[in-house]
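K.L.:
My structure is stored as protein-v5.cif, with mmCIF, C-alpha atoms.
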data_structure
#
loop_
_atom_site.label_atom_id
_atom_site.label_comp_id
_atom_site.auth_asym_id
_atom_site.auth_seq_id
_atom_site.Cartn_x
_atom_site.Cartn_y
_atom_site.Cartn_z
CA MET A 17 82.68 131.30 137.60
CA THR A 18 83.45 128.96 134.70
CA GLN A 19 86.41 126.59 134.80
CA GLY A 20 88.98 125.74 132.15
CA PHE A 21 92.30 123.99 131.72
CA ALA A 22 95.39 123.97 129.53
CA LEU A 23 98.01 121.30 128.98
CA TYR A 24 101.10 122.68 127.30
CA ARG A 25 104.63 121.66 126.38
CA LEU A 26 107.21 124.25 125.47
CA PRO A 27 109.50 123.69 122.45
CA TYR A 28 112.22 121.09 123.15
CA ALA A 29 110.90 120.48 126.69
CA ARG A 30 110.59 116.89 127.92
CA ASP A 31 107.61 117.42 130.22
CA TYR A 32 104.30 119.15 129.87
CA LYS A 33 102.52 121.36 132.38
CA ARG A 34 98.90 121.81 133.37
CA VAL A 35 97.01 124.94 134.37
CA ALA A 36 93.45 124.62 135.64
CA GLY A 37 91.10 127.07 137.30
CA ALA A 38 88.60 129.85 136.87
CA VAL A 39 88.30 131.55 133.46
CA ARG A 40 88.22 135.34 133.31
CA THR A 41 87.51 137.52 130.30
CA PHE A 42 89.34 140.71 129.38
CA PRO A 43 88.36 143.56 127.08
CA SER A 44 91.82 144.06 125.58
CA LEU A 45 95.34 142.73 125.45
CA GLN A 46 96.52 145.84 127.28
CA ALA A 47 94.54 144.70 130.34
CA LEU A 48 96.74 141.59 130.66
CA SER A 49 99.83 143.49 131.87
CA SER A 50 99.53 142.63 135.58
CA GLN A 51 97.83 139.23 135.21
CA GLN A 52 99.01 135.64 135.67
CA GLY A 53 97.64 132.49 134.10
CA PHE A 54 97.18 130.85 130.72
CA VAL A 55 96.00 133.20 127.94
CA ILE A 56 93.74 132.26 125.03
CA ALA A 57 93.04 135.20 122.74
CA PRO A 58 91.26 135.22 119.37
CA PHE A 59 92.31 136.86 116.12
CA ALA A 60 89.69 139.53 116.77
CA ALA A 61 88.19 139.90 120.25
CA THR A 62 84.39 140.14 120.40
CA ALA A 63 81.73 139.56 123.03
CA GLU A 64 81.25 136.05 121.62
CA ARG A 65 85.01 135.38 121.22
CA PRO A 66 86.65 137.15 124.18
CA ILE A 67 90.22 137.28 125.44
CA LEU A 68 90.42 134.58 128.11
CA LEU A 69 92.70 133.87 131.06
CA ILE A 70 92.72 130.60 133.01
CA GLU A 71 93.82 131.46 136.54
CA PRO A 72 95.63 128.54 138.22
CA ASP A 73 93.95 127.33 141.40
CA GLY A 74 96.45 124.61 142.28
CA ASN A 75 94.17 121.82 141.10
CA THR A 76 96.56 120.25 138.61
CA ALA A 77 94.49 117.06 138.59
CA ALA A 78 91.50 118.76 136.94
CA SER A 79 89.85 116.45 134.42
CA ASP A 80 90.38 116.98 130.71
CA ALA A 81 87.43 114.69 129.91
CA VAL A 82 84.99 117.50 129.16
CA GLU A 83 81.77 117.06 127.21
CA LEU A 84 82.50 118.20 123.66
CA PRO A 85 79.62 119.56 121.57
CA SER A 86 78.59 117.93 118.32
CA ILE A 87 79.41 119.79 115.14
CA GLY A 88 76.11 118.51 113.78
CA THR A 89 75.65 117.66 110.12
CA ILE A 90 79.02 117.56 108.42
CA PRO A 91 78.76 120.17 105.65
CA ASN A 92 79.73 119.48 102.07
CA ASP A 93 83.26 120.75 101.67
CA ASP A 94 82.92 123.81 99.44
CA GLY A 95 86.16 125.20 100.76
CA ARG A 96 87.91 125.21 97.39
CA GLU A 97 85.21 127.35 95.76
CA ASN A 98 85.08 129.76 98.70
CA TYR A 99 88.86 130.02 98.67
CA HIS A 100 88.77 130.78 94.94
CA ILE A 101 86.29 133.62 95.52
CA ASP A 102 88.32 135.02 98.41
CA PHE A 103 91.60 134.75 96.53
CA LEU A 104 90.26 136.74 93.57
CA ASN A 105 88.98 139.42 95.92
CA PHE A 106 92.14 139.63 98.03
CA HIS A 107 94.45 139.51 95.01
CA ALA A 108 92.57 142.27 93.19
CA HIS A 109 93.17 144.61 96.13
CA LEU A 110 96.85 143.66 96.17
CA LYS A 111 97.21 144.36 92.45
CA ASN A 112 95.42 147.69 92.90
CA GLY A 113 98.01 148.67 95.48
CA ASP A 114 95.54 148.85 98.38
CA PHE A 115 97.73 146.49 100.42
CA GLN A 116 101.33 145.29 100.44
CA LYS A 117 100.29 141.95 101.88
CA LEU A 118 97.10 140.13 102.89
CA VAL A 119 96.81 136.82 104.73
CA LEU A 120 94.02 134.61 103.42
CA SER A 121 92.92 131.73 105.63
CA ARG A 122 90.41 128.91 105.44
CA SER A 123 89.01 126.07 107.52
CA THR A 124 87.85 122.54 106.79
CA ILE A 125 85.91 119.87 108.65
CA LEU A 126 87.50 116.46 109.19
CA PRO A 127 85.04 113.80 110.42
CA LYS A 128 86.19 111.90 113.48
CA THR A 129 86.86 108.26 112.60
CA SER A 130 88.71 106.99 115.67
CA ALA A 131 88.06 106.78 119.39
CA ASP A 132 91.21 108.74 120.31
CA ASP A 133 90.54 111.06 123.21
CA PRO A 134 91.96 114.62 123.34
CA LEU A 135 94.72 113.65 125.77
CA THR A 136 95.94 110.96 123.36
CA LEU A 137 96.03 113.51 120.55
CA PHE A 138 97.96 115.94 122.74
CA HIS A 139 100.62 113.33 123.57
CA ARG A 140 100.87 112.33 119.92
CA ALA A 141 101.40 115.96 118.89
CA CYS A 142 104.15 116.27 121.51
CA GLN A 143 105.89 113.23 120.02
CA LEU A 144 105.52 114.38 116.42
CA TYR A 145 106.55 118.00 116.95
CA PRO A 146 109.32 118.36 119.55
CA ARG A 147 110.38 121.77 118.18
CA MET A 148 106.93 123.33 118.54
CA PHE A 149 104.76 124.68 121.31
CA VAL A 150 102.00 122.09 121.80
CA ALA A 151 98.85 122.88 123.79
CA LEU A 152 95.46 121.35 124.51
CA VAL A 153 93.17 124.05 125.84
CA TYR A 154 89.56 124.09 126.97
CA THR A 155 87.23 126.80 128.23
CA PRO A 156 83.44 126.89 127.91
CA GLN A 157 83.78 130.12 125.93
CA SER A 158 86.34 128.90 123.39
CA GLY A 159 85.66 125.18 123.24
CA MET A 160 88.59 122.77 123.00
CA TRP A 161 91.63 123.46 120.82
CA LEU A 162 94.79 121.56 119.98
CA THR A 163 97.73 123.43 118.49
CA ALA A 164 101.33 122.70 117.52
CA THR A 165 102.69 126.09 116.57
CA PRO A 166 106.21 127.20 115.61
CA GLU A 167 105.76 130.95 116.14
CA THR A 168 106.62 132.81 119.34
CA LEU A 169 104.76 136.07 119.76
CA LEU A 170 106.37 137.18 123.02
CA SER A 171 108.41 135.40 125.68
CA GLY A 172 110.52 136.66 128.52
CA ILE A 173 111.79 136.66 132.07
CA ASP A 174 113.28 139.39 134.29
CA GLY A 175 112.94 142.15 131.72
CA ARG A 176 114.66 140.14 128.96
CA TRP A 177 112.28 139.41 126.10
CA GLN A 178 112.20 137.93 122.64
CA THR A 179 109.90 137.68 119.65
CA MET A 180 110.30 136.48 116.07
CA ALA A 181 109.39 137.21 112.49
CA LEU A 182 108.24 133.93 110.93
CA ALA A 183 107.03 133.90 107.34
CA GLY A 184 107.51 131.99 104.13
CA THR A 185 106.68 128.31 103.87
CA MET A 186 108.34 125.46 102.00
CA PRO A 187 108.43 121.68 102.43
CA TRP A 188 111.36 120.78 104.67
CA SER A 189 114.49 119.42 103.00
CA ASP A 190 118.21 119.51 103.69
CA GLU A 191 118.56 122.41 101.25
CA VAL A 192 115.62 124.81 101.06
CA LEU A 193 115.74 127.36 98.25
CA TRP A 194 113.65 130.44 99.04
CA SER A 195 111.79 132.35 96.35
CA ASP A 196 111.78 136.14 96.11
CA LYS A 197 108.14 136.07 97.21
CA ASN A 198 108.99 134.24 100.44
CA LEU A 199 111.97 136.50 101.14
CA GLN A 200 109.87 139.61 100.61
CA GLU A 201 107.04 138.29 102.78
CA GLN A 202 109.42 137.58 105.65
CA ARG A 203 111.07 140.99 105.34
CA TYR A 204 107.67 142.69 105.63
CA VAL A 205 107.09 140.95 108.94
CA ALA A 206 110.59 141.65 110.28
CA THR A 207 110.38 145.33 109.35
CA TYR A 208 107.01 145.65 111.06
CA ILE A 209 108.30 144.09 114.28
CA THR A 210 111.35 146.37 114.25
CA ARG A 211 109.14 149.44 113.98
CA GLN A 212 106.92 148.29 116.82
CA LEU A 213 109.84 147.52 119.13
CA GLU A 214 111.27 150.99 118.53
CA HIS A 215 108.27 152.41 120.42
CA PHE A 216 109.14 150.38 123.51
CA THR A 217 112.93 150.01 123.66
CA SER A 218 116.16 151.07 122.01
CA ASP A 219 117.94 147.97 123.27
CA PHE A 220 117.15 145.20 120.79
CA THR A 221 118.96 142.97 118.33
CA GLU A 222 117.82 141.06 115.23
CA ASP A 223 119.35 137.77 114.11
CA GLY A 224 118.40 136.26 110.76
CA PRO A 225 116.66 135.48 108.61
CA TYR A 226 117.50 131.81 108.62
CA THR A 227 115.71 128.59 107.73
CA ALA A 228 113.86 127.04 110.66
CA ARG A 229 112.22 123.63 110.69
CA ALA A 230 108.65 123.13 111.91
CA GLY A 231 107.67 119.48 111.50
CA HIS A 232 107.46 118.73 107.78
CA LEU A 233 107.71 122.44 106.90
CA ALA A 234 110.43 125.07 106.71
CA HIS A 235 110.01 128.76 107.45
CA LEU A 236 112.15 131.86 107.26
CA ARG A 237 112.78 133.19 110.75
CA SER A 238 114.40 136.21 112.37
CA ASP A 239 114.85 136.42 116.15
CA PHE A 240 114.52 139.67 118.10
CA ARG A 241 115.89 140.02 121.64
CA PHE A 242 115.24 143.12 123.70
CA THR A 243 114.79 144.58 127.15
CA LEU A 244 111.49 145.88 128.48
CA LEU A 245 112.19 147.25 131.92
CA ASP A 246 108.64 148.48 132.54
CA SER A 247 106.58 145.29 132.80
CA ALA A 248 103.42 147.41 133.03
CA ARG A 249 103.83 148.02 129.28
CA MET A 250 103.77 144.33 128.38
CA GLY A 251 100.08 144.48 127.45
CA ASP A 252 100.70 147.50 125.25
CA LEU A 253 103.47 145.61 123.47
CA LEU A 254 101.19 142.62 122.93
CA PHE A 255 98.60 144.93 121.40
CA ALA A 256 101.26 146.44 119.14
CA LEU A 257 102.51 143.06 117.94
CA HIS A 258 99.20 141.22 117.54
CA PRO A 259 98.17 140.44 114.90
CA THR A 260 101.52 140.47 113.13
CA PRO A 261 101.68 140.77 109.33
CA ALA A 262 102.42 137.03 109.34
CA VAL A 263 98.72 136.38 110.07
CA CYS A 264 97.14 139.66 108.98
CA GLY A 265 98.74 141.94 106.39
CA LEU A 266 100.01 145.45 105.69
CA PRO A 267 98.95 148.13 106.39
CA LYS A 268 97.98 146.25 109.56
CA HIS A 269 94.79 147.94 110.73
CA LYS A 270 93.38 148.29 107.24
CA ALA A 271 94.21 144.65 106.46
CA PHE A 272 92.69 143.52 109.76
CA SER A 273 89.36 145.19 108.95
CA PHE A 274 89.41 143.88 105.39
CA ILE A 275 89.95 140.28 106.53
CA LEU A 276 87.09 140.44 109.04
CA ARG A 277 84.74 141.73 106.35
CA ASN A 278 85.79 139.44 103.51
CA GLU A 279 87.00 136.01 104.60
CA HIS A 280 84.33 133.33 104.13
CA HIS A 281 84.96 131.72 107.50
CA GLU A 282 85.37 133.05 111.03
CA ARG A 283 88.89 132.58 112.40
CA THR A 284 87.76 132.58 116.06
CA TYR A 285 90.88 131.55 118.06
CA TYR A 286 92.94 130.55 115.03
CA SER A 287 95.74 133.12 114.41
CA GLY A 288 95.17 134.52 117.89
CA LEU A 289 97.60 133.82 120.71
CA MET A 290 97.95 131.48 123.67
CA GLY A 291 100.38 130.45 126.35
CA PRO A 292 101.46 130.90 129.97
CA LEU A 293 101.58 134.50 131.17
CA ALA A 294 103.88 135.40 134.08
CA LEU A 295 103.65 131.89 135.55
CA ASN A 296 106.60 131.40 137.89
CA GLY A 297 107.89 134.68 136.52
CA LYS A 298 108.03 133.42 132.94
CA THR A 299 105.93 134.30 129.89
CA HIS A 300 105.71 132.19 126.74
CA LEU A 301 103.03 133.41 124.33
CA PHE A 302 102.65 131.86 120.87
CA VAL A 303 100.64 132.61 117.75
CA THR A 304 97.87 130.01 117.44
CA LEU A 305 98.83 128.36 114.15
CA ARG A 306 98.68 124.70 113.00
CA CYS A 307 95.59 124.18 115.09
CA MET A 308 92.16 122.62 115.18
CA GLN A 309 89.01 122.85 117.25
CA LEU A 310 87.78 119.54 118.67
CA PHE A 311 84.15 118.42 118.58
CA ALA A 312 82.51 115.17 119.64
CA ASP A 313 82.20 113.96 116.05
CA ALA A 314 84.66 116.04 114.01
CA TYR A 315 87.70 118.30 113.94
CA LYS A 316 87.81 121.77 112.42
CA LEU A 317 91.24 122.54 110.96
CA TYR A 318 92.54 126.02 110.12
CA ALA A 319 95.37 127.34 107.94
CA GLY A 320 96.32 130.42 105.98
CA GLY A 321 99.01 131.98 103.87
CA GLY A 322 100.38 135.39 102.99
CA LEU A 323 99.41 136.81 99.61
CA LEU A 324 101.49 139.31 97.69
CA CYS A 325 100.84 140.89 94.32
CA ASP A 326 102.57 138.04 92.44
CA SER A 327 100.94 135.18 94.38
CA LYS A 328 99.45 132.26 92.43
CA GLU A 329 96.18 130.77 93.63
CA GLU A 330 97.00 127.08 93.25
CA GLN A 331 100.34 127.47 95.02
CA GLU A 332 98.68 129.31 97.90
CA TRP A 333 95.93 126.69 98.17
CA GLN A 334 98.51 123.91 98.31
CA GLU A 335 100.35 125.79 101.05
CA THR A 336 97.22 125.76 103.23
CA GLU A 337 96.79 122.05 102.54
CA THR A 338 100.38 121.40 103.59
CA LYS A 339 99.94 123.40 106.76
CA MET A 340 96.75 121.50 107.65
CA ASP A 341 98.76 118.28 107.39
CA THR A 342 100.34 119.21 110.73
CA MET A 343 97.06 118.44 112.50
CA ARG A 344 95.96 115.75 110.04
CA ARG A 345 99.04 113.72 111.00
CA VAL A 346 98.00 113.92 114.64
CA VAL A 347 94.47 112.73 113.92
CA VAL A 348 95.20 109.94 111.42
CA GLU A 349 98.44 108.64 112.95
CA THR A 350 96.85 105.37 114.10
CA GLU A 351 93.79 105.15 111.88
#
Using structure tokens, write down the structure from this file.

P.N.:
Amino acid sequence: MTQGFALYRLPYARDYKRVAGAVRTFPSLQALSSQQGFVIAPFAATAERPILLIEPDGNTAASDAVELPSIGTIPNDDGRENYHIDFLNFHAHLKNGDFQKLVLSRSTILPKTSADDPLTLFHRACQLYPRMFVALVYTPQSGMWLTATPETLLSGIDGRWQTMALAGTMPWSDEVLWSDKNLQEQRYVATYITRQLEHFTSDFTEDGPYTARAGHLAHLRSDFRFTLLDSARMGDLLFALHPTPAVCGLPKHKAFSFILRNEHHERTYYSGLMGPLALNGKTHLFVTLRCMQLFADAYKLYAGGGLLCDSKEEQEWQETETKMDTMRRVVVETE
């Protein structure tokens, strides 16, 4: 059986933890209900990009010095042209009323120019982003990923759970002024989460929205707290929440299929989820945002943004650039 590991630091925590052990694959999020370990799930599960679980074997000294594959010839960056094509396509369907919201994402290749090892990058991300969930994860199936994400998908202990609606993006300042577009985008996400929770519990509260800082960015955030007495339904709740409109769109299932058919790049584990599941009785699962895949000679960065009918292409492109800066700052900090 293949082996993997995860180093992770929860938001505001001083220390990081390590999970290492055998890697199992699962056909669905529902199948995770009675499992324990560290989860790595893609945006869309396939045979090539499965839902993964690292089962701890007690070997916390497992090496993180794995052999990373080469990305090969660094391609010419045609990302702007591809984004332009995708934006026109996505926006046309929004204007036609086919969707309320669509999330358009992209990726870019950043050549490696320093000798920093993955562990150094992980520690640097922890220092730069104390408010975020930071993780360095490796499995043979997924490759190696580094993320510093602000978005909780599901966390809980002893039947008490929480999730959040996180949408809208602005540069951080002492006084962030939110546009109608950002407010509407966040409300779409919060309304969706409310409707999903109503299928699982009647005991929940919503606080927000309020401005939350994530590194050099600000987001609109609402917090949901609820009880889920039947832990056997946790996997069903994960399936209901993922992917949220914050990374997909509305209507959800129609938007999900549209994105898979039309985005120029493959998201793989970007905009999926990861985190410790039922370890020491605690679950902390996060949406895999502000992330990159590590190769021997390059990094592949991912970012996206929510499009509405009145979205402007250049503004949306700049938002993805700003979001990619989260990982760029980790990579170029000492170069």

K.L.:
Record the distance separating atom CA of A:Leu301 and atom CA of A:Leu170, expressed in Å with one decimal.

P.N.:
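Distance between the two atoms: 5.2 Å.
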
K.L.:
Starting from the PyMOL selection byres ((chain A and resi 257) around 12), expand the selection into actual residues of this file and give them as number ranges by chain.

P.N.:
A: 45-46, 168-170, 178-181, 205-216, 250-256, 258-264, 268-269, 288-289, 301-303

K.L.:
Select, from A:Leu26, A:Val347, A:Leu317, A:Val35, the residue with the minimum atom-to-atom distance to A:His281, counting all atoms listed in the file.

P.N.:
A:Leu317

K.L.:
To test your reading of the syntax: which residues would the PyMOL selection byres ((chain A and resi 57-72) around 8) return for the file shown? Reply as a ChimeraX atom specification.

P.N.:
/A:19-22,35-45,52-56,73-75,157-158,259,283-290

K.L.:
Would you mind exporting C-alpha atoms of the selected residues as a PDB file, in the coordinates of the input?

P.N.:
ATOM      1  CA  GLN A  19      86.410 126.590 134.800  1.00  0.00           C
ATOM      2  CA  GLY A  20      88.980 125.740 132.150  1.00  0.00           C
ATOM      3  CA  PHE A  21      92.300 123.990 131.720  1.00  0.00           C
ATOM      4  CA  ALA A  22      95.390 123.970 129.530  1.00  0.00           C
ATOM      5  CA  VAL A  35      97.010 124.940 134.370  1.00  0.00           C
ATOM      6  CA  ALA A  36      93.450 124.620 135.640  1.00  0.00           C
ATOM      7  CA  GLY A  37      91.100 127.070 137.300  1.00  0.00           C
ATOM      8  CA  ALA A  38      88.600 129.850 136.870  1.00  0.00           C
ATOM      9  CA  VAL A  39      88.300 131.550 133.460  1.00  0.00           C
ATOM     10  CA  ARG A  40      88.220 135.340 133.310  1.00  0.00           C
ATOM     11  CA  THR A  41      87.510 137.520 130.300  1.00  0.00           C
ATOM     12  CA  PHE A  42      89.340 140.710 129.380  1.00  0.00           C
ATOM     13  CA  PRO A  43      88.360 143.560 127.080  1.00  0.00           C
ATOM     14  CA  SER A  44      91.820 144.060 125.580  1.00  0.00           C
ATOM     15  CA  LEU A  45      95.340 142.730 125.450  1.00  0.00           C
ATOM     16  CA  GLN A  52      99.010 135.640 135.670  1.00  0.00           C
ATOM     17  CA  GLY A  53      97.640 132.490 134.100  1.00  0.00           C
ATOM     18  CA  PHE A  54      97.180 130.850 130.720  1.00  0.00           C
ATOM     19  CA  VAL A  55      96.000 133.200 127.940  1.00  0.00           C
ATOM     20  CA  ILE A  56      93.740 132.260 125.030  1.00  0.00           C
ATOM     21  CA  ASP A  73      93.950 127.330 141.400  1.00  0.00           C
ATOM     22  CA  GLY A  74      96.450 124.610 142.280  1.00  0.00           C
ATOM     23  CA  ASN A  75      94.170 121.820 141.100  1.00  0.00           C
ATOM     24  CA  GLN A 157      83.780 130.120 125.930  1.00  0.00           C
ATOM     25  CA  SER A 158      86.340 128.900 123.390  1.00  0.00           C
ATOM     26  CA  PRO A 259      98.170 140.440 114.900  1.00  0.00           C
ATOM     27  CA  ARG A 283      88.890 132.580 112.400  1.00  0.00           C
ATOM     28  CA  THR A 284      87.760 132.580 116.060  1.00  0.00           C
ATOM     29  CA  TYR A 285      90.880 131.550 118.060  1.00  0.00           C
ATOM     30  CA  TYR A 286      92.940 130.550 115.030  1.00  0.00           C
ATOM     31  CA  SER A 287      95.740 133.120 114.410  1.00  0.00           C
ATOM     32  CA  GLY A 288      95.170 134.520 117.890  1.00  0.00           C
ATOM     33  CA  LEU A 289      97.600 133.820 120.710  1.00  0.00           C
ATOM     34  CA  MET A 290      97.950 131.480 123.670  1.00  0.00           C
TER      35      MET A 290
END

K.L.:
Can you tell me, as a PyMOL selection string, what residues are no more than 10 Å from A:Val82 when counting all atoms listed in the file, ignoring any on the same chain fewer than 5 positions away?

P.N.:
chain A and resi 20+134+154-156+159-160

K.L.:
Given only C-alpha atoms as the basis, pick out the residue of A:Ser121, A:Asn98, A:Ser273, A:Gln143 nearest to A:Asp31.

P.N.:
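Looking only at the distances to A:Asp31, the closest residue turns out to be A:Gln143.
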
K.L.:
Taking all atoms listed in the file into account, which of A:Tyr99, A:Phe220, A:Phe272, A:Tyr24 comes nearest A:Leu152?

P.N.:
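Answer, going by the shortest atom-to-atom distance: A:Tyr24.
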
K.L.:
I'd like to see the residues matched by the PyMOL selection byres ((chain A and resi 309-311) around 9) on this file, and ideally I'd get them as an mmCIF file with C-alpha atoms, in the coordinates of the input.

P.N.:
data_model
loop_
_atom_site.group_PDB
_atom_site.id
_atom_site.type_symbol
_atom_site.label_atom_id
_atom_site.label_comp_id
_atom_site.auth_asym_id
_atom_site.auth_seq_id
_atom_site.Cartn_x
_atom_site.Cartn_y
_atom_site.Cartn_z
ATOM 1 C CA LEU A 84 82.500 118.200 123.660
ATOM 2 C CA PRO A 85 79.620 119.560 121.570
ATOM 3 C CA SER A 86 78.590 117.930 118.320
ATOM 4 C CA ILE A 87 79.410 119.790 115.140
ATOM 5 C CA LYS A 128 86.190 111.900 113.480
ATOM 6 C CA PRO A 134 91.960 114.620 123.340
ATOM 7 C CA GLY A 159 85.660 125.180 123.240
ATOM 8 C CA MET A 160 88.590 122.770 123.000
ATOM 9 C CA TRP A 161 91.630 123.460 120.820
ATOM 10 C CA LEU A 162 94.790 121.560 119.980
ATOM 11 C CA THR A 163 97.730 123.430 118.490
ATOM 12 C CA TYR A 285 90.880 131.550 118.060
ATOM 13 C CA TYR A 286 92.940 130.550 115.030
ATOM 14 C CA CYS A 307 95.590 124.180 115.090
ATOM 15 C CA MET A 308 92.160 122.620 115.180
ATOM 16 C CA ALA A 312 82.510 115.170 119.640
ATOM 17 C CA ASP A 313 82.200 113.960 116.050
ATOM 18 C CA ALA A 314 84.660 116.040 114.010
ATOM 19 C CA TYR A 315 87.700 118.300 113.940
ATOM 20 C CA LYS A 316 87.810 121.770 112.420
ATOM 21 C CA LEU A 317 91.240 122.540 110.960
ATOM 22 C CA TYR A 318 92.540 126.020 110.120
#

K.L.:
Which residue is closest to A:Thr299? Choose from A:Arg176, A:Arg237, A:His107, A:Arg34 and count only C-alpha atoms.

P.N.:
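With only C-alpha atoms as the atom set, the closest residue is A:Arg176.
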
K.L.:
Please report the interatomic distance between atom CA of A:Gln51 and atom CA of A:Trp177 in Å with one decimal.

P.N.:
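Value for the atom CA of A:Gln51-atom CA of A:Trp177 distance: 17.1 Å.
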
K.L.:
Contacts of A:Ser195 at 12 Å or less, counting only C-alpha atoms, minus same-chain residues fewer than 5 places along, as number ranges by chain?

P.N.:
A: 184-186, 200-202, 235-236, 326-327

K.L.:
Which one of A:Ser238, A:Asn105, A:Ser247, A:Gln334 sits closest to A:Ala294 if you count all atoms listed in the file?

P.N.:
A:Ser247

K.L.:
Extending 6 Å beyond the listed atoms of stretch 255-272 of chain A on each side, what axis-aligned box results? I want centre and edge lengths in Å to one decimal, as AutoDock Vina command-line options.

P.N.:
--center_x 97.6 --center_y 142.3 --center_z 113.5 --size_x 21.8 --size_y 23.9 --size_z 27.7

K.L.:
For atom CA of A:Leu104 and atom CA of A:Glu279, quote the distance in Å rounded to one decimal.

P.N.:
11.5 Å

K.L.:
Find the spatial neighbours of A:Ile275, counting only C-alpha atoms, within a cut-off of 9 Å - ignore same-chain residues fewer than 3 positions away - and output them as a PyMOL selection string.

P.N.:
chain A and resi 106+118-120+264-265+270-272+278-279

K.L.:
Nearest to A:Arg241 among A:Gly172, A:Arg345, A:His300, A:Lys197, with distances taken over only C-alpha atoms: which residue is it?

P.N.:
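Closest to A:Arg241, using only C-alpha atoms: A:Gly172.
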
K.L.:
Compile the contact shell of A:Pro27 as a ChimeraX atom specification: residues with an atom at most 8 Å away, counting all atoms listed in the file, same-chain residues fewer than 2 positions apart removed.

P.N.:
/A:25,29,146-150
